[in-house]
Structure formats: C-alpha cells, structure tokens
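Data first, discussion second: the structure below is written as structure tokens.
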Amino acid sequence: MKRFANILAFCLVFLAQTTAAQTLKAVKGRGVLNCGSNGTLAGFGLPDASGKWVGLDADLCRAVAAAIFNDVEKVKFVPLSAKDRFTALQSGDVDLLARDTSWTSSRDSSLGLSFTGVNYYDGQSFMVRRVLKVNSALELKGASVCVQQGTTTELNLSDFFRTHNMRLKSVTFATANEAVMAYDAGRCDAYTTDASSLYSERLRLAHPNDHILLPEIISKEPLGPAVRQGDDQWFDIVKWTLFAMINAEELNITSKNIDEMKASSNPDIKRFVGTEGNYGEQLGLAKDWAVSIVKLVGNYGEVFERNVGSDSPLKIDRGLNKLWNKGGIQYAPPIR
Ligand SMILES: N[C@@H](CCC(=O)N[C@@H](CS)C(=O)NCC(=O)O)C(=O)O
C-alpha cells in the first residue's frame, strides 16, 4: 500500500512537471518564438525601414531565441497595444511579453502572469514646450496633460496632482500615437509617460528641440519581460536569459570577444561559456546557451547603448541602468 502511494506520488509530481513545462516544447515544436512587442516605440520595439525589428525589448526576444535555437531569426514579433498586451499573453497568442511593461503587484498577482526581471529601470516624467518656461512639474497647476489609457501612467498622473493639491485636466487617448499627435498639435500643455518613451516620442514631434523633459520622476516603472504563470521552466529560461546578458557585461564578455572567452581559465567565465558545469542543461537548454546570447545579440551594455544609449538617436544616459558595481542598480544573480 505504502509502495503504491509512493509510486502514485512520484507519478503526480512527474505529471505536474511535464504538464507545466509546455512552453519550451511548444516553441521548439513550432520552430519560432512568438514575442509580444511594442510596434511603435523607437528604442524598445519598432520595425525599421527594411522591416527589421529594432529595440531593447526586440533584442530581449532575440536573446531568448538565441538561447533556445542559437538563431535570432526564429522570432515572430507580435505588435501589441498597451490595452491588449496582457490578454495576448494569457491566451497563449505570445510566449513572452517584452513591451516596456511596468512590473506592479496587481499585474504580477491578478493577471495570471509573472515578471521575470527588469531590463530597464524607468520612471514617469513630463514633456512640455520650451516656450512655456516651465522648469518643474510642480508648476503644472491647472495644466492639461495628454496621457494614454491602459497604462500605469494614468494613475501616477492623478496621484501626483492629488498629492500636490494641483488641479488636473487630463486628456486621455487609446494609443500613444494619438496622445503624442494631440500634444504636438497643442491640445495639451504637457505630455506624460515613461521618461524613456518621452525621449523616444520627442523625436517624432515636428520640432523636437522645442520641447523639454521636466526633471521630476514621479513614479517607479521597472520595465521587464513577463510570462504566463504555471510554467516554471519557461519562467527560468526568460529570467536567466536577461541575467546572462547582465552577467556578461559584468564579466567583460562581449559579442566581439566571446570566441576568445571560450578558452578562458577564469572559473566564472568557464561556467558562463559552458566549459565547466552543466548550467545550460539544467535550464533545458544547450551547454553554450549563454554564448549564443552574447554572440548573436550582445551583453546588456552593448544592447542598451545601441538601442537607447549613446550609440542610438535617443542618447539616454544609463543612470540607474548602470551595473551595480558602476553606480547603477542592474544586478544579476550568478551562473553557478
Ligand atoms: N510602462 C507603462 C507604459 C507602457 C506604454 O504602453 N507606454 C506607451 C508609451 S509611448 C506606449 O508604449 N504606447 C504605445 C502603444 O500603445 O501603441 C505600462 O506598463 O503601463
């Protein structure tokens, strides 16, 4: 009887593991990763003139494809609006959501999804016309502010005005495009969203230099990839893909020197490239999963600079997104 109970318990655990660990199998069977993306946000996710998706989030999708397939072409980018992004993940239309999405408690707990980490520490800010001679968000009393629905932005905006006893006239729009165009056309005194998006959207205005970002950051917007709850293996793969990119930067492993690094005798680098241990296999991937990520996509710093930093038109300072040992808060647990 006891033996039977033990066998049954073993079978149930095995069944639970195999039914839960479906996403990697499904992605491999399909031969392509479906990645929920922002199709209109330069620096994060936007197809270029030739149709190639460019951005920090697009590269996160590619990094996951590199880890699984050793091939960054095996990604189908699925453009999603702010409003539709969570249902697309819940329904299985996408395997992963990488779309400038803020990690909050309600999204993490009540939407059936899990955030795997933070690929950009952001915060909400305001953009105004230079001629208004406004230097602080606290001077926006009674201002009209253009804002997009279905985002964390709306609540932060009303919180900020309420906290400072300021009258607010918010003008809401279903898409960022409508909100930005309305602001540019002079329908609002200010436009508010994540600071990174303000840098990006400013480039789309008729006269970008006529607009400034105010210094206040009124919220925490930790942007990161999310997966459906219930598949711990998949959760780990996405989480450790980002961690591998951050660890690579810390270990000075780049897309340029990765081949030489395979011969390194440094124990941390040996574990990273897979010449020691079986860390890739433990995740359900190949031994050299992290090599594929860095070789085909780059380390976190390379990806940051080319998409949103000094090598990009946005030229955003790394600020909080510097590594923890360089004055920022980007930190990844070790591969070991
Ligand atoms: N990080 C915030 C905001 C995300 C967001 O959707 N931002 C706007 C900023 S421009 C956007 O990407 N809109 C594009 C669209 O909805 O097409 C959130 O997760 O709610």
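Numbering starts fresh at 1 for the residues of each chain in the structure tokens, the chains themselves are lettered A, B, ... in the order given, and ligands are numbered from 1 as they appear.
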
Practice item. Mind checking which residues fall within 12 Å of Pro208 (chain A), counting only C-alpha atoms, ignoring those fewer than 3 positions away in the same chain, and posting them as a PyMOL selection string? Key: chain A and resi 127-130+180+184+198-205+211-213+314

Proximity check chain A to ligand 1, 8 Å, nearest pairs one decimal Å, only C-alpha atoms and all ligand atoms, as a tab-separated table:
```
residue	atom	partner	partner_atom_place_in_ligand_line	distance
A:Asn38	CA	ligand 1	12 (O)	6.1
A:Gly39	CA	ligand 1	17 (O)	6.7
A:Thr40	CA	ligand 1	17 (O)	5.7
A:Leu41	CA	ligand 1	12 (O)	5.8
A:Leu80	CA	ligand 1	17 (O)	7.0
A:Ser81	CA	ligand 1	16 (O)	4.2
A:Ala82	CA	ligand 1	16 (O)	4.3
A:Lys83	CA	ligand 1	16 (O)	7.1
A:Arg99	CA	ligand 1	12 (O)	7.4
A:Asp100	CA	ligand 1	1 (N)	5.2
A:Thr101	CA	ligand 1	19 (O)	3.4
A:Ser102	CA	ligand 1	19 (O)	3.9
A:Trp103	CA	ligand 1	19 (O)	7.2
A:Gln148	CA	ligand 1	8 (C)	6.9
A:Gly150	CA	ligand 1	20 (O)	6.4
A:Thr151	CA	ligand 1	20 (O)	3.2
A:Thr152	CA	ligand 1	20 (O)	4.1
A:Thr153	CA	ligand 1	3 (C)	6.1
A:Ala174	CA	ligand 1	16 (O)	7.3
A:Thr175	CA	ligand 1	16 (O)	4.7
A:Ala176	CA	ligand 1	13 (N)	4.3
A:Asn177	CA	ligand 1	17 (O)	6.6
A:Thr193	CA	ligand 1	9 (C)	5.7
A:Asp194	CA	ligand 1	1 (N)	6.0
A:Ser197	CA	ligand 1	10 (S)	5.0
A:Leu198	CA	ligand 1	10 (S)	7.0
A:Ser200	CA	ligand 1	10 (S)	7.9
A:Glu201	CA	ligand 1	10 (S)	6.6
A:Glu221	CA	ligand 1	1 (N)	6.0
A:Pro222	CA	ligand 1	1 (N)	7.7
A:Leu223	CA	ligand 1	1 (N)	6.2
```

Practice item. Please identify all polymer residues within 8 Å of region 29-37 of chain A, counting only C-alpha atoms, omitting same-chain residues fewer than 3 positions from it, and present them as a list in words. Key: Lys25, Ala26, Gly45, Asp57, Ala58, Cys61, Ala65, Lys74, Val75, Lys76, Phe77, Val78, Pro79, Leu80, Arg85, Ala88, Leu89, Asp93, Val94, Asp95, Leu96, Leu97, Ala98 and Arg99 of chain A

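Coordinates place CA of Leu251 (chain A) at a distance of 21.9 Å from CA of Val308 (chain A).
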
**Study point:** d(CA of Ala63 (chain A), CA of Gly298 (chain A)) in Å
**Key:** 8.4 Å

Point to revise | Close residues, region 299-304 of chain A itself excluded, 7 Å, only C-alpha atoms, min 5 positions apart in chain, as a ChimeraX atom specification | key: /A:56,245-246,248-249,254-255,294,309

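Counting only C-alpha atoms, the residue from A:Pro267, A:Gly142, A:Gly186, A:Gly51 that sits nearest to Lys169 (chain A) is A:Gly142.
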